[in-house]
file upload-v3.pdb (PDB, C-alpha atoms)
ATOM      1  CA  MET C   1      29.081   9.688   8.266
ATOM      2  CA  GLU C   2      26.861  11.017  11.052
ATOM      3  CA  LYS C   3      24.424   8.481  12.472
ATOM      4  CA  VAL C   4      20.808   9.204  11.648
ATOM      5  CA  SER C   5      17.889   8.794  14.044
ATOM      6  CA  TYR C   6      14.569   7.127  13.232
ATOM      7  CA  HIS C   7      12.826  10.489  13.597
ATOM      8  CA  ALA C   8      15.246  12.286  11.286
ATOM      9  CA  TYR C   9      15.440   9.533   8.671
ATOM     10  CA  LEU C  10      11.664   9.447   8.230
ATOM     11  CA  LYS C  11      11.306  13.240   8.601
ATOM     12  CA  LEU C  12       8.534  12.619  11.118
ATOM     13  CA  SER C  13       8.151  16.252  12.149
ATOM     14  CA  GLU C  14       7.380  17.232   8.561
ATOM     15  CA  LEU C  15       5.289  14.130   7.869
ATOM     16  CA  LEU C  16       3.073  14.461  10.942
ATOM     17  CA  SER C  17       2.492  18.162  10.290
ATOM     18  CA  LEU C  18       0.829  17.505   6.921
ATOM     19  CA  GLN C  19      -2.585  16.427   8.217
ATOM     20  CA  GLU C  20      -4.434  19.757   8.220
ATOM     21  CA  GLU C  21      -8.127  19.487   9.018
ATOM     22  CA  LEU C  22     -10.469  22.039   7.440
ATOM     23  CA  SER C  23     -13.462  21.584   9.726
ATOM     24  CA  LYS C  24     -14.037  24.244  12.409
ATOM     25  CA  PRO C  25     -14.536  23.165  15.066
ATOM     26  CA  LYS C  26     -12.508  20.092  14.168
ATOM     27  CA  HIS C  27     -14.618  17.105  13.224
ATOM     28  CA  ASN C  28     -13.319  13.976  14.941
ATOM     29  CA  ASP C  29     -13.454  11.796  11.804
ATOM     30  CA  GLU C  30     -11.771  14.128   9.334
ATOM     31  CA  LEU C  31      -8.287  13.042  10.445
ATOM     32  CA  LEU C  32      -9.131   9.437   9.525
ATOM     33  CA  PHE C  33     -10.101  10.521   6.004
ATOM     34  CA  ILE C  34      -6.892  12.529   5.524
ATOM     35  CA  VAL C  35      -4.573   9.829   6.857
ATOM     36  CA  ILE C  36      -6.128   7.100   4.678
ATOM     37  CA  HIS C  37      -5.828   9.138   1.500
ATOM     38  CA  GLN C  38      -2.353  10.490   2.216
ATOM     39  CA  SER C  39      -1.143   6.956   2.892
ATOM     40  CA  HIS C  40      -2.735   5.866  -0.410
ATOM     41  CA  GLU C  41      -0.603   8.416  -2.225
ATOM     42  CA  LEU C  42       2.554   7.175  -0.474
ATOM     43  CA  TRP C  43       1.746   3.620  -1.547
ATOM     44  CA  PHE C  44       1.067   4.869  -5.097
ATOM     45  CA  LYS C  45       4.538   6.432  -5.117
ATOM     46  CA  LEU C  46       6.038   3.049  -4.241
ATOM     47  CA  VAL C  47       3.932   1.264  -6.876
ATOM     48  CA  LEU C  48       5.160   3.634  -9.599
ATOM     49  CA  HIS C  49       8.727   2.998  -8.466
ATOM     50  CA  GLU C  50       8.197  -0.772  -8.633
ATOM     51  CA  ILE C  51       6.434  -0.610 -12.014
ATOM     52  CA  GLN C  52       9.486   1.050 -13.542
ATOM     53  CA  LYS C  53      11.634  -1.717 -12.088
ATOM     54  CA  LEU C  54       9.170  -4.280 -13.478
ATOM     55  CA  LYS C  55       9.471  -2.812 -16.983
ATOM     56  CA  ASP C  56      13.266  -2.949 -16.782
ATOM     57  CA  LEU C  57      13.216  -6.582 -15.632
ATOM     58  CA  ILE C  58      10.870  -7.597 -18.454
ATOM     59  CA  ASP C  59      13.238  -5.901 -20.924
ATOM     60  CA  GLU C  60      16.020  -8.058 -19.471
ATOM     61  CA  ASP C  61      13.960 -11.281 -19.757
ATOM     62  CA  ALA C  62      14.381 -11.628 -15.985
ATOM     63  CA  PHE C  63      11.268 -13.739 -15.394
ATOM     64  CA  PHE C  64      11.801 -14.635 -11.750
ATOM     65  CA  HIS C  65      12.711 -11.136 -10.601
ATOM     66  CA  ALA C  66       9.833  -9.636 -12.610
ATOM     67  CA  ALA C  67       7.403 -12.011 -10.901
ATOM     68  CA  LYS C  68       8.890 -11.134  -7.503
ATOM     69  CA  THR C  69       8.430  -7.424  -8.178
ATOM     70  CA  MET C  70       4.813  -8.054  -9.156
ATOM     71  CA  SER C  71       4.306  -9.863  -5.857
ATOM     72  CA  ARG C  72       5.294  -6.684  -4.066
ATOM     73  CA  ILE C  73       2.904  -4.541  -6.118
ATOM     74  CA  ILE C  74       0.111  -7.059  -5.503
ATOM     75  CA  SER C  75       0.798  -6.930  -1.763
ATOM     76  CA  VAL C  76       0.576  -3.140  -1.826
ATOM     77  CA  PHE C  77      -2.872  -3.192  -3.442
ATOM     78  CA  LYS C  78      -4.029  -5.805  -0.955
ATOM     79  CA  ALA C  79      -2.882  -3.465   1.815
ATOM     80  CA  LEU C  80      -4.811  -0.637   0.153
ATOM     81  CA  ARG C  81      -7.948  -2.791   0.190
ATOM     82  CA  GLU C  82      -7.490  -3.300   3.909
ATOM     83  CA  GLN C  83      -7.200   0.458   4.371
ATOM     84  CA  VAL C  84     -10.599   0.806   2.715
ATOM     85  CA  ASP C  85     -11.878  -1.510   5.468
ATOM     86  CA  VAL C  86     -10.812   1.155   7.961
ATOM     87  CA  LEU C  87     -12.898   3.691   6.022
ATOM     88  CA  HIS C  88     -15.898   1.397   6.487
ATOM     89  CA  THR C  89     -15.871   2.472  10.152
ATOM     90  CA  LEU C  90     -16.970   5.919   8.939
ATOM     91  CA  THR C  91     -20.759   6.167   9.008
ATOM     92  CA  PRO C  92     -22.713   8.341   6.510
ATOM     93  CA  ASP C  93     -23.648  10.955   9.139
ATOM     94  CA  GLU C  94     -20.013  11.188  10.289
ATOM     95  CA  PHE C  95     -18.771  11.749   6.723
ATOM     96  CA  LEU C  96     -21.458  14.348   6.056
ATOM     97  CA  GLY C  97     -20.083  16.313   8.990
ATOM     98  CA  TYR C  98     -17.209  17.571   6.823
ATOM     99  CA  ARG C  99     -17.827  16.258   3.270
ATOM    100  CA  ASP C 100     -18.841  19.631   1.843
ATOM    101  CA  LEU C 101     -15.430  21.025   2.808
ATOM    102  CA  LEU C 102     -13.739  18.625   0.384
ATOM    103  CA  ALA C 103     -15.352  19.987  -2.798
ATOM    104  CA  PRO C 104     -14.132  20.166  -5.499
ATOM    105  CA  ALA C 105     -11.461  17.678  -4.381
ATOM    106  CA  SER C 106     -12.074  14.036  -5.270
ATOM    107  CA  GLY C 107     -10.182  10.755  -5.315
ATOM    108  CA  PHE C 108     -10.485  10.495  -9.102
ATOM    109  CA  GLN C 109      -8.118  13.496  -9.248
ATOM    110  CA  SER C 110      -5.232  11.343  -7.994
ATOM    111  CA  TYR C 111      -2.703  11.862 -10.765
ATOM    112  CA  GLN C 112      -0.391   9.186  -9.328
ATOM    113  CA  TYR C 113      -3.105   6.572  -9.681
ATOM    114  CA  LYS C 114      -3.669   7.661 -13.290
ATOM    115  CA  MET C 115       0.060   7.284 -13.875
ATOM    116  CA  ILE C 116      -0.236   3.729 -12.559
ATOM    117  CA  GLU C 117      -3.066   3.009 -15.002
ATOM    118  CA  PHE C 118      -1.174   4.600 -17.886
ATOM    119  CA  SER C 119       1.887   2.494 -17.004
ATOM    120  CA  LEU C 120      -0.004  -0.799 -16.804
ATOM    121  CA  GLY C 121      -2.376  -0.461 -19.750
ATOM    122  CA  PRO C 122      -5.550   1.670 -19.735
ATOM    123  CA  LYS C 123      -5.031   5.152 -21.195
ATOM    124  CA  ASP C 124      -7.362   8.126 -21.495
ATOM    125  CA  GLU C 125      -5.803  11.285 -22.927
ATOM    126  CA  ARG C 126      -8.745  13.402 -21.725
ATOM    127  CA  TYR C 127      -7.449  13.108 -18.184
ATOM    128  CA  LEU C 128      -4.339  15.126 -19.070
ATOM    129  CA  GLU C 129      -6.472  18.162 -19.888
ATOM    130  CA  ARG C 130      -7.281  18.564 -16.184
ATOM    131  CA  TYR C 131      -3.649  19.477 -15.472
ATOM    132  CA  THR C 132      -2.654  21.809 -18.295
ATOM    133  CA  SER C 133      -2.385  24.635 -15.747
ATOM    134  CA  GLN C 134      -0.116  22.533 -13.478
ATOM    135  CA  PRO C 135       2.982  21.922 -15.639
ATOM    136  CA  VAL C 136       4.889  19.655 -13.226
ATOM    137  CA  ILE C 137       1.982  17.231 -12.832
ATOM    138  CA  TYR C 138       1.089  17.522 -16.515
ATOM    139  CA  LEU C 139       4.604  16.568 -17.621
ATOM    140  CA  ALA C 140       4.664  13.570 -15.256
ATOM    141  CA  LEU C 141       1.316  12.394 -16.608
ATOM    142  CA  LYS C 142       2.373  13.006 -20.210
ATOM    143  CA  GLN C 143       5.530  10.966 -19.759
ATOM    144  CA  ALA C 144       3.589   8.049 -18.259
ATOM    145  CA  PHE C 145       0.976   8.339 -21.001
ATOM    146  CA  SER C 146       3.557   8.380 -23.808
ATOM    147  CA  SER C 147       5.713   5.541 -22.490
ATOM    148  CA  PRO C 148       5.286   1.844 -23.355
ATOM    149  CA  THR C 149       3.046   0.045 -20.877
ATOM    150  CA  VAL C 150       3.923  -3.089 -18.942
ATOM    151  CA  TRP C 151       1.802  -5.011 -21.447
ATOM    152  CA  ASP C 152       3.719  -3.449 -24.356
ATOM    153  CA  LYS C 153       6.903  -4.696 -22.698
ATOM    154  CA  VAL C 154       5.432  -8.191 -22.344
ATOM    155  CA  ILE C 155       4.505  -8.329 -26.042
ATOM    156  CA  HIS C 156       8.063  -7.335 -26.966
ATOM    157  CA  LEU C 157       9.268 -10.081 -24.629
ATOM    158  CA  LEU C 158       7.126 -12.638 -26.469
ATOM    159  CA  HIS C 159       8.568 -11.436 -29.783
ATOM    160  CA  ARG C 160      12.126 -11.850 -28.458
ATOM    161  CA  GLN C 161      11.212 -15.373 -27.365
ATOM    162  CA  GLY C 162      10.436 -16.195 -30.997
ATOM    163  CA  PHE C 163       6.639 -16.261 -31.033
ATOM    164  CA  PRO C 164       5.243 -15.368 -34.492
ATOM    165  CA  ASN C 165       2.824 -12.798 -35.941
ATOM    166  CA  LEU C 166       3.481 -10.023 -33.423
ATOM    167  CA  GLU C 167       5.196  -7.533 -35.727
ATOM    168  CA  SER C 168       2.122  -5.403 -36.408
ATOM    169  CA  ILE C 169       1.238  -4.977 -32.746
ATOM    170  CA  LEU C 170       4.841  -4.120 -31.864
ATOM    171  CA  SER C 171       4.664  -0.988 -33.999
ATOM    172  CA  ARG C 172       1.302   0.202 -32.682
ATOM    173  CA  ASN C 173       0.759   3.825 -31.659
ATOM    174  CA  LYS C 174       1.659   3.868 -27.946
ATOM    175  CA  LEU C 175      -0.559   6.945 -27.433
ATOM    176  CA  GLU C 176      -3.689   4.952 -28.194
ATOM    177  CA  ASN C 177      -5.560   2.856 -25.658
ATOM    178  CA  TYR C 178      -4.647  -0.794 -26.154
ATOM    179  CA  ALA C 179      -7.254  -3.104 -27.648
ATOM    180  CA  SER C 180      -7.141  -6.883 -27.442
ATOM    181  CA  ASN C 181      -5.155  -8.436 -30.282
ATOM    182  CA  SER C 182      -5.931 -11.852 -31.802
ATOM    183  CA  SER C 183      -2.266 -12.657 -32.518
ATOM    184  CA  VAL C 184      -1.279 -11.948 -28.926
ATOM    185  CA  LEU C 185      -4.193 -14.076 -27.730
ATOM    186  CA  GLU C 186      -3.017 -17.013 -29.863
ATOM    187  CA  VAL C 187       0.474 -16.803 -28.368
ATOM    188  CA  ILE C 188      -0.903 -16.751 -24.845
ATOM    189  CA  LYS C 189      -3.195 -19.670 -25.649
ATOM    190  CA  LYS C 190      -0.191 -21.695 -26.826
ATOM    191  CA  ILE C 191       1.681 -20.940 -23.608
ATOM    192  CA  TYR C 192      -1.268 -22.034 -21.477
ATOM    193  CA  GLN C 193      -1.669 -25.212 -23.527
ATOM    194  CA  GLU C 194       1.970 -26.136 -22.872
ATOM    195  CA  PRO C 195       2.632 -24.833 -19.353
ATOM    196  CA  LYS C 196       5.604 -27.136 -18.694
ATOM    197  CA  LYS C 197       7.381 -26.084 -21.867
ATOM    198  CA  TYR C 198       6.773 -22.388 -21.141
ATOM    199  CA  SER C 199       6.761 -22.548 -17.346
ATOM    200  CA  SER C 200       8.427 -19.157 -16.805
ATOM    201  CA  LEU C 201       6.035 -17.330 -19.122
ATOM    202  CA  HIS C 202       3.067 -19.236 -17.688
ATOM    203  CA  TYR C 203       4.015 -18.141 -14.167
ATOM    204  CA  LEU C 204       4.616 -14.572 -15.327
ATOM    205  CA  PHE C 205       1.138 -14.478 -16.898
ATOM    206  CA  GLU C 206      -0.499 -15.796 -13.744
ATOM    207  CA  GLN C 207       1.231 -13.099 -11.703
ATOM    208  CA  LEU C 208       0.061 -10.442 -14.181
ATOM    209  CA  THR C 209      -3.486 -11.799 -13.898
ATOM    210  CA  GLU C 210      -3.269 -11.684 -10.100
ATOM    211  CA  LEU C 211      -2.047  -8.095 -10.292
ATOM    212  CA  ASP C 212      -4.907  -7.101 -12.587
ATOM    213  CA  LEU C 213      -7.433  -8.869 -10.359
ATOM    214  CA  THR C 214      -6.099  -7.275  -7.175
ATOM    215  CA  ILE C 215      -6.428  -3.792  -8.657
ATOM    216  CA  GLN C 216      -9.979  -4.578  -9.793
ATOM    217  CA  LEU C 217     -10.888  -5.764  -6.288
ATOM    218  CA  TRP C 218      -9.395  -2.593  -4.799
ATOM    219  CA  ARG C 219     -11.581  -0.527  -7.159
ATOM    220  CA  LEU C 220     -14.597  -2.588  -6.078
ATOM    221  CA  SER C 221     -13.795  -1.995  -2.397
ATOM    222  CA  HIS C 222     -13.591   1.726  -3.071
ATOM    223  CA  LEU C 223     -16.935   1.665  -4.885
ATOM    224  CA  LYS C 224     -18.692  -0.208  -2.068
ATOM    225  CA  ASN C 225     -17.244   2.168   0.498
ATOM    226  CA  ALA C 226     -18.524   5.164  -1.469
ATOM    227  CA  GLU C 227     -21.931   3.511  -1.849
ATOM    228  CA  ARG C 228     -22.027   2.844   1.885
ATOM    229  CA  THR C 229     -21.217   6.447   2.823
ATOM    230  CA  ILE C 230     -22.785   8.659   0.126
ATOM    231  CA  GLY C 231     -25.261   6.395  -1.696
ATOM    232  CA  SER C 232     -26.075   7.779  -5.147
ATOM    233  CA  LYS C 233     -24.953  11.367  -4.465
ATOM    234  CA  ILE C 234     -22.785  13.241  -6.975
ATOM    235  CA  GLY C 235     -19.062  13.031  -6.150
ATOM    236  CA  THR C 236     -17.363  16.016  -4.511
ATOM    237  CA  GLY C 237     -15.261  16.503  -7.660
ATOM    238  CA  GLY C 238     -18.359  16.649  -9.859
ATOM    239  CA  SER C 239     -18.256  13.043 -11.070
ATOM    240  CA  SER C 240     -21.374  10.915 -11.167
ATOM    241  CA  GLY C 241     -20.216   9.206  -7.991
ATOM    242  CA  ILE C 242     -21.218   5.544  -7.855
ATOM    243  CA  ASP C 243     -21.988   5.433 -11.598
ATOM    244  CA  TYR C 244     -18.470   6.660 -12.397
ATOM    245  CA  LEU C 245     -16.857   4.153 -10.039
ATOM    246  CA  GLN C 246     -19.021   1.391 -11.500
ATOM    247  CA  SER C 247     -17.742   2.228 -14.990
ATOM    248  CA  THR C 248     -14.136   1.692 -13.873
ATOM    249  CA  LEU C 249     -14.705  -1.899 -12.742
ATOM    250  CA  SER C 250     -14.554  -3.280 -16.280
ATOM    251  CA  LYS C 251     -11.061  -1.913 -16.895
ATOM    252  CA  LYS C 252      -8.492  -4.614 -17.551
ATOM    253  CA  CYS C 253      -4.781  -3.961 -17.902
ATOM    254  CA  PHE C 254      -3.994  -7.227 -19.706
ATOM    255  CA  PRO C 255      -7.148  -8.168 -21.655
ATOM    256  CA  GLU C 256      -5.872 -11.274 -23.458
ATOM    257  CA  LEU C 257      -4.974 -12.900 -20.140
ATOM    258  CA  TRP C 258      -8.687 -12.841 -19.296
ATOM    259  CA  GLU C 259      -9.878 -13.836 -22.752
ATOM    260  CA  VAL C 260      -7.617 -16.882 -22.899
ATOM    261  CA  ARG C 261      -9.722 -18.521 -20.181
ATOM    262  CA  SER C 262     -12.609 -18.740 -22.650
ATOM    263  CA  VAL C 263     -10.670 -20.256 -25.542
ATOM    264  CA  LEU C 264      -8.607 -22.956 -23.843
TER     265      LEU C 264
END

call {"tool": "encode", "arguments": {"input": "upload-v3.pdb", "output": "structure tokens"}}
result
Amino acid sequence: MEKVSYHAYLKLSELLSLQEELSKPKHNDELLFIVIHQSHELWFKLVLHEIQKLKDLIDEDAFFHAAKTMSRIISVFKALREQVDVLHTLTPDEFLGYRDLLAPASGFQSYQYKMIEFSLGPKDERYLERYTSQPVIYLALKQAFSSPTVWDKVIHLLHRQGFPNLESILSRNKLENYASNSSVLEVIKKIYQEPKKYSSLHYLFEQLTELDLTIQLWRLSHLKNAERTIGSKIGTGGSSGIDYLQSTLSKKCFPELWEVRSVL
């Protein structure tokens, strides 16, 4: 086998040619914006890869390895939050120097991020309609939308572990957005009340909570960055901007893990 170089292995020539600025003359800060968002998409690709592994490990009742995989996903979203800190160096006047060139592109059009949401829990079928004219992306979104979520996998895990009263939720319509279930909440409550007896599940739940929290904090960082640079302006993709981002903060991938705190 021929030895590969660092440059060839990472396809650096191709990778470094993908940052095409639209501003003429070139605006100094546009490259920053492109690099941050392209790197986000690369991280999203890794997250989707790790989420599939996470689902497989949960199916195998591999608690430790599932928790380890979640640690990696959590670390990725923490890194993404730090990348938003780099965007904070972009002042409003600097962003306005090329912002109009972005329309109608917008971050909420990231189909990979929607696939992440669909895979973890929150689902919104209306989003698929945006990509009916792009069959490759549409099929990828449809598959993620139609597949069991991480939380679906966890509920099946609890059923395999012998916890009662989960049959009805196991057969739910996977195309519908998940709503908190009282039977699932009771099982989780029991696990938190006896953490030594159910130490593996307790640890798994705390890792899931940390994952959910980290994603929420990343969304918050994104919102505050947008507020800092564009204020209350309409988003370049036609969204309501800050109001839209604010509405996403309440999303929770694993709702019962948050509710259990109030009933212990």

call {"tool": "residues_around", "arguments": {"input": "upload-v3.pdb", "residues": "C:Arg72", "least_positions_apart": "5", "cutoff": "9 Å", "atoms": "all atoms listed in the file", "output": "PyMOL selection string"}}
result
chain C and resi 47+50+67+77

call {"tool": "write_last_selection", "arguments": {"input": "upload-v3.pdb", "atoms": "C-alpha atoms", "output": "PDB file, keeping the file's coordinate frame"}}
result
ATOM      1  CA  VAL C  47       3.932   1.264  -6.876  1.00  0.00           C
ATOM      2  CA  GLU C  50       8.197  -0.772  -8.633  1.00  0.00           C
ATOM      3  CA  ALA C  67       7.403 -12.011 -10.901  1.00  0.00           C
ATOM      4  CA  PHE C  77      -2.872  -3.192  -3.442  1.00  0.00           C
TER       5      PHE C  77
END

call {"tool": "closest_residue", "arguments": {"input": "upload-v3.pdb", "among": "C:Gly97, C:Pro122, C:Gly162, C:Leu128", "to": "C:Ser250", "atoms": "all atoms listed in the file"}}
result
C:Pro122

call {"tool": "closest_residue", "arguments": {"input": "upload-v3.pdb", "among": "C:Trp43, C:Tyr127, C:Phe118, C:Phe95", "to": "C:Ser23", "atoms": "all atoms listed in the file"}}
result
C:Phe95

call {"tool": "closest_residue", "arguments": {"input": "upload-v3.pdb", "among": "C:Ile155, C:Tyr192, C:Gln109, C:Trp218", "to": "C:Ser262", "atoms": "only C-alpha atoms"}}
result
C:Tyr192

call {"tool": "resolve_selection", "arguments": {"input": "upload-v3.pdb", "expression": "the PyMOL selection byres ((chain C and resi 12-19) around 9)", "output": "short mmCIF file (atom, residue, chain, number, x, y, z; two decimals) with C-alpha atoms, keeping the file's coordinate frame"}}
result
data_model
loop_
_atom_site.label_atom_id
_atom_site.label_comp_id
_atom_site.auth_asym_id
_atom_site.auth_seq_id
_atom_site.Cartn_x
_atom_site.Cartn_y
_atom_site.Cartn_z
CA TYR C 6 14.57 7.13 13.23
CA HIS C 7 12.83 10.49 13.60
CA ALA C 8 15.25 12.29 11.29
CA TYR C 9 15.44 9.53 8.67
CA LEU C 10 11.66 9.45 8.23
CA LYS C 11 11.31 13.24 8.60
CA GLU C 20 -4.43 19.76 8.22
CA GLU C 21 -8.13 19.49 9.02
CA LEU C 31 -8.29 13.04 10.44
CA ILE C 34 -6.89 12.53 5.52
CA VAL C 35 -4.57 9.83 6.86
CA GLN C 38 -2.35 10.49 2.22
#
